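Data file: start33.pdb. Format and content: PDB, C-alpha atoms.
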ATOM      1  CA  MET F  54       0.000   0.000   0.000
ATOM      2  CA  ILE F  55       1.356   3.438  -0.991
ATOM      3  CA  ARG F  56       0.659   5.902   1.837
ATOM      4  CA  ILE F  57      -0.036   9.505   0.797
ATOM      5  CA  VAL F  58      -0.268  12.919   2.450
ATOM      6  CA  LEU F  59      -2.152  15.562   0.430
ATOM      7  CA  ALA F  60      -1.641  19.327   0.807
ATOM      8  CA  GLU F  61      -4.088  21.671  -0.938
ATOM      9  CA  ASP F  62      -5.621  24.892   0.379
ATOM     10  CA  GLN F  63      -8.886  24.582  -1.568
ATOM     11  CA  ARG F  64     -11.039  22.275   0.557
ATOM     12  CA  MET F  65     -13.214  20.973  -2.269
ATOM     13  CA  MET F  66     -10.142  20.110  -4.336
ATOM     14  CA  LEU F  67      -8.515  18.459  -1.298
ATOM     15  CA  GLY F  68     -11.599  16.315  -0.661
ATOM     16  CA  ALA F  69     -11.990  15.395  -4.339
ATOM     17  CA  LEU F  70      -8.312  14.419  -4.659
ATOM     18  CA  GLY F  71      -8.493  12.348  -1.479
ATOM     19  CA  SER F  72     -11.624  10.501  -2.702
ATOM     20  CA  LEU F  73     -10.108   9.927  -6.140
ATOM     21  CA  LEU F  74      -6.895   8.431  -4.745
ATOM     22  CA  ASP F  75      -8.737   6.297  -2.169
ATOM     23  CA  LEU F  76     -10.576   4.566  -5.056
ATOM     24  CA  GLU F  77      -7.264   2.961  -6.076
ATOM     25  CA  ASP F  78      -6.609  -0.439  -4.441
ATOM     26  CA  ASP F  79      -2.938   0.227  -3.730
ATOM     27  CA  LEU F  80      -3.162   3.903  -2.652
ATOM     28  CA  GLU F  81      -4.201   5.227   0.760
ATOM     29  CA  VAL F  82      -4.520   8.882   1.817
ATOM     30  CA  VAL F  83      -3.285   8.953   5.429
ATOM     31  CA  GLY F  84      -3.270  12.718   5.986
ATOM     32  CA  MET F  85      -4.604  15.984   4.551
ATOM     33  CA  ALA F  86      -3.126  19.456   5.022
ATOM     34  CA  SER F  87      -4.350  22.898   3.980
ATOM     35  CA  ASN F  88      -0.921  24.566   3.915
ATOM     36  CA  GLY F  89       2.772  23.726   3.545
ATOM     37  CA  GLU F  90       3.531  23.927   7.262
ATOM     38  CA  GLU F  91       0.820  21.338   8.070
ATOM     39  CA  ALA F  92       2.143  19.159   5.233
ATOM     40  CA  ILE F  93       5.661  19.128   6.750
ATOM     41  CA  ARG F  94       4.247  18.264  10.185
ATOM     42  CA  LEU F  95       2.103  15.420   8.777
ATOM     43  CA  VAL F  96       5.015  13.991   6.779
ATOM     44  CA  GLU F  97       7.204  14.002   9.904
ATOM     45  CA  GLU F  98       4.420  12.443  12.050
ATOM     46  CA  LEU F  99       3.013   9.877   9.612
ATOM     47  CA  ASN F 100       6.102   9.065   7.503
ATOM     48  CA  PRO F 101       4.130   8.527   4.253
ATOM     49  CA  ASP F 102       5.631   7.263   0.989
ATOM     50  CA  VAL F 103       4.439  10.289  -0.999
ATOM     51  CA  CYS F 104       3.410  13.901  -0.297
ATOM     52  CA  ILE F 105       1.371  15.576  -3.045
ATOM     53  CA  MET F 106       1.295  19.380  -2.765
ATOM     54  CA  ASP F 107      -0.124  22.417  -4.450
ATOM     55  CA  ILE F 108       2.303  25.345  -4.833
ATOM     56  CA  GLU F 109       0.330  28.390  -3.754
ATOM     57  CA  MET F 110      -0.857  27.760  -0.201
ATOM     58  CA  PRO F 111      -1.021  29.979   2.887
ATOM     59  CA  VAL F 112       1.499  29.950   5.777
ATOM     60  CA  LYS F 113       4.141  28.038   3.740
ATOM     61  CA  SER F 114       4.013  27.408  -0.014
ATOM     62  CA  GLY F 115       4.345  23.969  -1.576
ATOM     63  CA  LEU F 116       7.798  24.916  -2.859
ATOM     64  CA  ASP F 117       8.925  26.012   0.632
ATOM     65  CA  ALA F 118       7.578  22.730   2.044
ATOM     66  CA  ALA F 119       9.287  20.706  -0.728
ATOM     67  CA  GLU F 120      12.601  22.405   0.118
ATOM     68  CA  ALA F 121      12.094  21.614   3.818
ATOM     69  CA  LEU F 122      11.379  17.945   2.986
ATOM     70  CA  LYS F 123      14.274  17.587   0.530
ATOM     71  CA  ASP F 124      16.207  15.149   2.736
ATOM     72  CA  HIS F 125      13.141  13.191   3.907
ATOM     73  CA  SER F 126      12.545   9.672   2.579
ATOM     74  CA  CYS F 127       9.029  10.714   1.479
ATOM     75  CA  LYS F 128       8.800  11.469  -2.255
ATOM     76  CA  THR F 129       7.326  14.889  -3.075
ATOM     77  CA  ILE F 130       5.006  15.556  -5.996
ATOM     78  CA  ILE F 131       3.917  19.080  -6.941
ATOM     79  CA  LEU F 132       0.371  19.164  -8.364
ATOM     80  CA  THR F 133      -0.487  22.668  -9.564
ATOM     81  CA  THR F 134      -2.186  24.821 -12.181
ATOM     82  CA  PHE F 135       1.018  26.813 -12.705
ATOM     83  CA  ALA F 136       3.211  25.811 -15.643
ATOM     84  CA  ARG F 137       5.913  28.396 -14.894
ATOM     85  CA  SER F 138       9.562  27.748 -15.609
ATOM     86  CA  GLY F 139      10.670  29.559 -12.418
ATOM     87  CA  TYR F 140       8.449  27.350 -10.227
ATOM     88  CA  PHE F 141       9.565  24.240 -12.100
ATOM     89  CA  GLU F 142      13.244  25.116 -11.728
ATOM     90  CA  ARG F 143      12.840  25.729  -7.998
ATOM     91  CA  ALA F 144      10.923  22.444  -7.600
ATOM     92  CA  ARG F 145      13.668  20.533  -9.425
ATOM     93  CA  LYS F 146      16.318  22.071  -7.165
ATOM     94  CA  ALA F 147      14.223  20.977  -4.162
ATOM     95  CA  GLY F 148      14.478  17.422  -5.492
ATOM     96  CA  VAL F 149      10.778  16.807  -6.160
ATOM     97  CA  SER F 150       9.975  13.468  -7.784
ATOM     98  CA  GLY F 151       7.116  14.838  -9.858
ATOM     99  CA  TYR F 152       5.657  18.109 -11.121
ATOM    100  CA  LEU F 153       2.191  17.545 -12.562
ATOM    101  CA  LEU F 154      -0.497  19.909 -13.792
ATOM    102  CA  LYS F 155      -4.057  19.836 -12.450
ATOM    103  CA  ASP F 156      -5.546  19.827 -15.936
ATOM    104  CA  SER F 157      -4.016  16.391 -16.643
ATOM    105  CA  PRO F 158      -6.476  13.445 -16.867
ATOM    106  CA  SER F 159      -7.265  12.157 -13.337
ATOM    107  CA  GLU F 160      -6.294   8.552 -14.141
ATOM    108  CA  GLU F 161      -2.732   9.751 -14.840
ATOM    109  CA  LEU F 162      -2.218  10.711 -11.191
ATOM    110  CA  GLY F 163      -2.332   7.134  -9.853
ATOM    111  CA  THR F 164      -0.078   5.927 -12.676
ATOM    112  CA  SER F 165       2.387   8.767 -11.991
ATOM    113  CA  ILE F 166       2.494   7.950  -8.263
ATOM    114  CA  ARG F 167       3.297   4.284  -8.997
ATOM    115  CA  THR F 168       5.989   5.266 -11.532
ATOM    116  CA  ILE F 169       7.565   7.651  -9.003
ATOM    117  CA  MET F 170       7.492   4.916  -6.337
ATOM    118  CA  ASP F 171       9.482   2.775  -8.813
ATOM    119  CA  GLY F 172      12.251   5.375  -8.600
ATOM    120  CA  ARG F 173      11.520   7.479 -11.683
ATOM    121  CA  ARG F 174      10.709  11.185 -11.953
ATOM    122  CA  ILE F 175       7.696  12.542 -13.807
ATOM    123  CA  TYR F 176       7.424  16.108 -15.096
ATOM    124  CA  ALA F 177       4.545  17.520 -17.152
ATOM    125  CA  PRO F 178       5.707  17.742 -20.804
ATOM    126  CA  GLU F 179       4.769  21.449 -20.982
ATOM    127  CA  LEU F 180       7.278  22.191 -18.229
ATOM    128  CA  VAL F 181      10.096  20.280 -19.841
ATOM    129  CA  ASP F 182       9.492  22.295 -23.031
ATOM    130  CA  LEU F 183       9.572  25.535 -21.007
ATOM    131  CA  ALA F 184      12.709  24.573 -19.103
ATOM    132  CA  TYR F 185      14.697  23.669 -22.183
ATOM    133  CA  ALA F 186      13.410  26.402 -24.457
ATOM    134  CA  GLY F 187      15.323  28.930 -22.355
ATOM    135  CA  SER F 188      14.225  31.605 -24.784
ATOM    136  CA  ASN F 189      12.414  34.815 -24.126
ATOM    137  CA  PRO F 190       8.703  34.110 -23.464
ATOM    138  CA  LEU F 191       7.559  37.547 -24.662
ATOM    139  CA  THR F 192       5.715  38.244 -27.905
ATOM    140  CA  GLU F 193       7.117  40.751 -30.392
ATOM    141  CA  ARG F 194       4.801  43.527 -29.080
ATOM    142  CA  GLU F 195       5.659  42.718 -25.448
ATOM    143  CA  ARG F 196       9.351  42.937 -26.357
ATOM    144  CA  GLN F 197       8.764  46.406 -27.850
ATOM    145  CA  VAL F 198       7.092  47.516 -24.613
ATOM    146  CA  MET F 199       9.892  45.942 -22.574
ATOM    147  CA  GLU F 200      12.591  47.673 -24.622
ATOM    148  CA  LEU F 201      10.941  51.024 -23.881
ATOM    149  CA  ILE F 202      10.694  50.128 -20.183
ATOM    150  CA  THR F 203      14.442  49.374 -20.142
ATOM    151  CA  GLU F 204      15.002  52.865 -21.590
ATOM    152  CA  GLY F 205      13.163  54.264 -18.556
ATOM    153  CA  ARG F 206      10.054  55.413 -20.439
ATOM    154  CA  SER F 207       6.823  56.055 -18.536
ATOM    155  CA  THR F 208       3.523  54.313 -19.317
ATOM    156  CA  LYS F 209       2.305  57.500 -21.056
ATOM    157  CA  GLU F 210       5.483  57.754 -23.162
ATOM    158  CA  ILE F 211       5.259  54.086 -24.183
ATOM    159  CA  ALA F 212       1.608  54.555 -25.208
ATOM    160  CA  LYS F 213       2.502  57.587 -27.343
ATOM    161  CA  GLU F 214       5.488  55.832 -28.953
ATOM    162  CA  LEU F 215       3.504  52.683 -29.859
ATOM    163  CA  PHE F 216       0.202  54.475 -30.706
ATOM    164  CA  ILE F 217      -1.780  52.574 -28.072
ATOM    165  CA  THR F 218      -3.689  53.614 -24.944
ATOM    166  CA  THR F 219      -2.107  53.795 -21.486
ATOM    167  CA  GLY F 220      -4.586  51.071 -20.373
ATOM    168  CA  THR F 221      -3.237  48.756 -23.087
ATOM    169  CA  VAL F 222       0.334  49.515 -21.982
ATOM    170  CA  ARG F 223      -0.619  48.660 -18.383
ATOM    171  CA  ASN F 224      -2.116  45.361 -19.621
ATOM    172  CA  TYR F 225       1.098  44.579 -21.518
ATOM    173  CA  ILE F 226       3.187  45.395 -18.439
ATOM    174  CA  SER F 227       1.019  43.143 -16.267
ATOM    175  CA  THR F 228       1.419  40.273 -18.763
ATOM    176  CA  ILE F 229       5.174  40.887 -19.017
ATOM    177  CA  LEU F 230       5.588  40.821 -15.216
ATOM    178  CA  ASP F 231       3.623  37.569 -15.072
ATOM    179  CA  LYS F 232       5.580  35.904 -17.899
ATOM    180  CA  LEU F 233       8.927  36.969 -16.454
ATOM    181  CA  GLU F 234       7.749  36.096 -12.924
ATOM    182  CA  ALA F 235       8.752  39.559 -11.750
ATOM    183  CA  SER F 236       7.053  41.694  -9.103
ATOM    184  CA  ASN F 237       8.075  45.091 -10.523
ATOM    185  CA  ARG F 238       9.667  46.811 -13.539
ATOM    186  CA  ILE F 239      13.224  46.678 -12.159
ATOM    187  CA  GLU F 240      13.001  42.911 -11.605
ATOM    188  CA  ALA F 241      11.413  42.534 -15.058
ATOM    189  CA  ILE F 242      14.317  44.416 -16.693
ATOM    190  CA  ALA F 243      16.848  42.112 -14.993
ATOM    191  CA  ARG F 244      14.954  38.951 -16.033
ATOM    192  CA  TYR F 245      14.419  40.260 -19.576
ATOM    193  CA  ARG F 246      18.170  40.874 -19.961
ATOM    194  CA  GLU F 247      18.899  37.360 -18.682
ATOM    195  CA  LYS F 248      16.629  35.846 -21.337
ATOM    196  CA  SER F 249      17.598  38.095 -24.248
TER     197      SER F 249
END

If you convert what's in this file into structure tokens, what do you get?
Amino acid sequence: MIRIVLAEDQRMMLGALGSLLDLEDDLEVVGMASNGEEAIRLVEELNPDVCIMDIEMPVKSGLDAAEALKDHSCKTIILTTFARSGYFERARKAGVSGYLLKDSPSEELGTSIRTIMDGRRIYAPELVDLAYAGSNPLTERERQVMELITEGRSTKEIAKELFITTGTVRNYISTILDKLEASNRIEAIARYREKS
């Protein structure tokens, strides 16, 4: 029997995942957590074979918890909606055994857990593509906006230069920050230069 701890902050998702896994003859959910800190505590208390975690959770994120459990015998699987190269890279460095996306078919989860228990790693194909592409994720128009940001132009100046509204510029900037996983323009400039 493969013993599992689940960590997911959305209660309905947590319950559904638990029920789904308990339907499998060789899988047993032994603990459920709503944040990364609880997940660490349950893994230390229950010593499961596998801990399946979401990334974005309160108190401690799934990535923080995965890093804390790096040297534990329990195998860690990230199950998330976020196919971001930065998250994936951090998860790999934390030694996770799997990084799966929530929009994958549900029957794949049980198969992935068994494969991971056999000593293999499983990463969603989209993430592998992202990790090895290594290229700039921005579109041509987003690059134009980013170039003007690196020159120190204001939102109003960018709008005038590209013949678009300031609202559209703000939308582009928001998308750029998200794609580059940056929290502000300065961080975005640094990440953009890394990828260019």

Restricting to all atoms listed in the file, whichever of F:Ile169, F:Ala121, F:Ala60, F:Leu76 is closest to Glu109 in chain F is F:Ala60

Taking all atoms listed in the file into account, which of F:Asp75, F:Lys213, F:Ser87, F:Arg94 comes nearest Val112 in chain F? F:Ser87

Let me make sure I understand: among F:Ala177, F:Leu59, F:Met170, F:Ala69, which one has the smallest atom-to-atom distance to Leu99 in chain F if we use only C-alpha atoms?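 The closest residue to Leu99 in chain F is F:Leu59.
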
Can you list, as JSON, numbers by chain, the residues that the PyMOL selection byres ((chain F and resi 89) around 10) selects here? {"F": [60, 61, 62, 86, 87, 88, 90, 91, 92, 93, 94, 95, 106, 107, 108, 109, 110, 111, 112, 113, 114, 115, 116, 117, 118, 119, 121]}

Check the smallest atom-to-atom distance from each of F:Asn100, F:Leu180, F:Arg56, F:Ile211 to Gly139 in chain F using only C-alpha atoms, then report the winner.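 Among F:Asn100, F:Leu180, F:Arg56, F:Ile211, it is F:Leu180 that comes nearest to Gly139 in chain F.
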
Interatomic distance, CA of Leu154 in chain F to CA of Leu132 in chain F (Å, one decimal):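 We find that CA of Leu154 in chain F and CA of Leu132 in chain F lie 5.5 Å from each other.
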
Result set, the PyMOL selection byres ((chain F and resi 79) around 10) on current file, as a PyMOL selection string: chain F and resi 54-56+74-78+80-81+163+167

For CA of Glu160 in chain F and CA of Leu70 in chain F, the interatomic separation in Å (one decimal):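 Between CA of Glu160 in chain F and CA of Leu70 in chain F the gap works out to 11.3 Å.
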
What separates CA of Leu162 in chain F and CA of Leu67 in chain F is a distance of 14.1 Å

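Ranking F:Ile166, F:Arg246, F:Ser157, F:Glu97 by their shortest atom-to-atom distance to Ile130 in chain F, with only C-alpha atoms included, puts F:Ile166 first.
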
Expected selection from the PyMOL selection byres ((chain F and resi 141-143) around 10), given as JSON, numbers by chain: {"F": [116, 117, 119, 120, 131, 135, 136, 137, 138, 139, 140, 144, 145, 146, 147, 148, 149, 151, 152, 153, 176, 177, 180, 181, 183, 184]}

Residue neighbourhood Arg238 in chain F, 10 Å, only C-alpha atoms, exclusion window fewer than 5 positions, as a PyMOL selection string: chain F and resi 199+202-203+205+226-227+229-230+243-244

Keeping C-alpha atoms, export the residues of the selection given above as a compact mmCIF listing (two decimals), keeping the file's coordinate frame.
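File part_32.txt, as written:
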# COMPACT_ATOMS: atom_id res chain seq x y z
CA MET F 199 9.89 45.94 -22.57
CA ILE F 202 10.69 50.13 -20.18
CA THR F 203 14.44 49.37 -20.14
CA GLY F 205 13.16 54.26 -18.56
CA ILE F 226 3.19 45.40 -18.44
CA SER F 227 1.02 43.14 -16.27
CA ILE F 229 5.17 40.89 -19.02
CA LEU F 230 5.59 40.82 -15.22
CA ALA F 243 16.85 42.11 -14.99
CA ARG F 244 14.95 38.95 -16.03

Which is closest to Asp102 in chain F among F:Lys128, F:Arg173, F:Arg64, F:Arg196, if we use all atoms listed in the file?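 Closest to Asp102 in chain F, using all atoms listed in the file: F:Lys128.
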
Box in all listed atoms of range 192-209 of chain F, axis-aligned, with 6 Å more on each side; write out centre and edge lengths in Å to one decimal as AutoDock Vina command-line options.
--center_x 8.7 --center_y 47.9 --center_z -24.5 --size_x 24.7 --size_y 31.3 --size_z 23.9
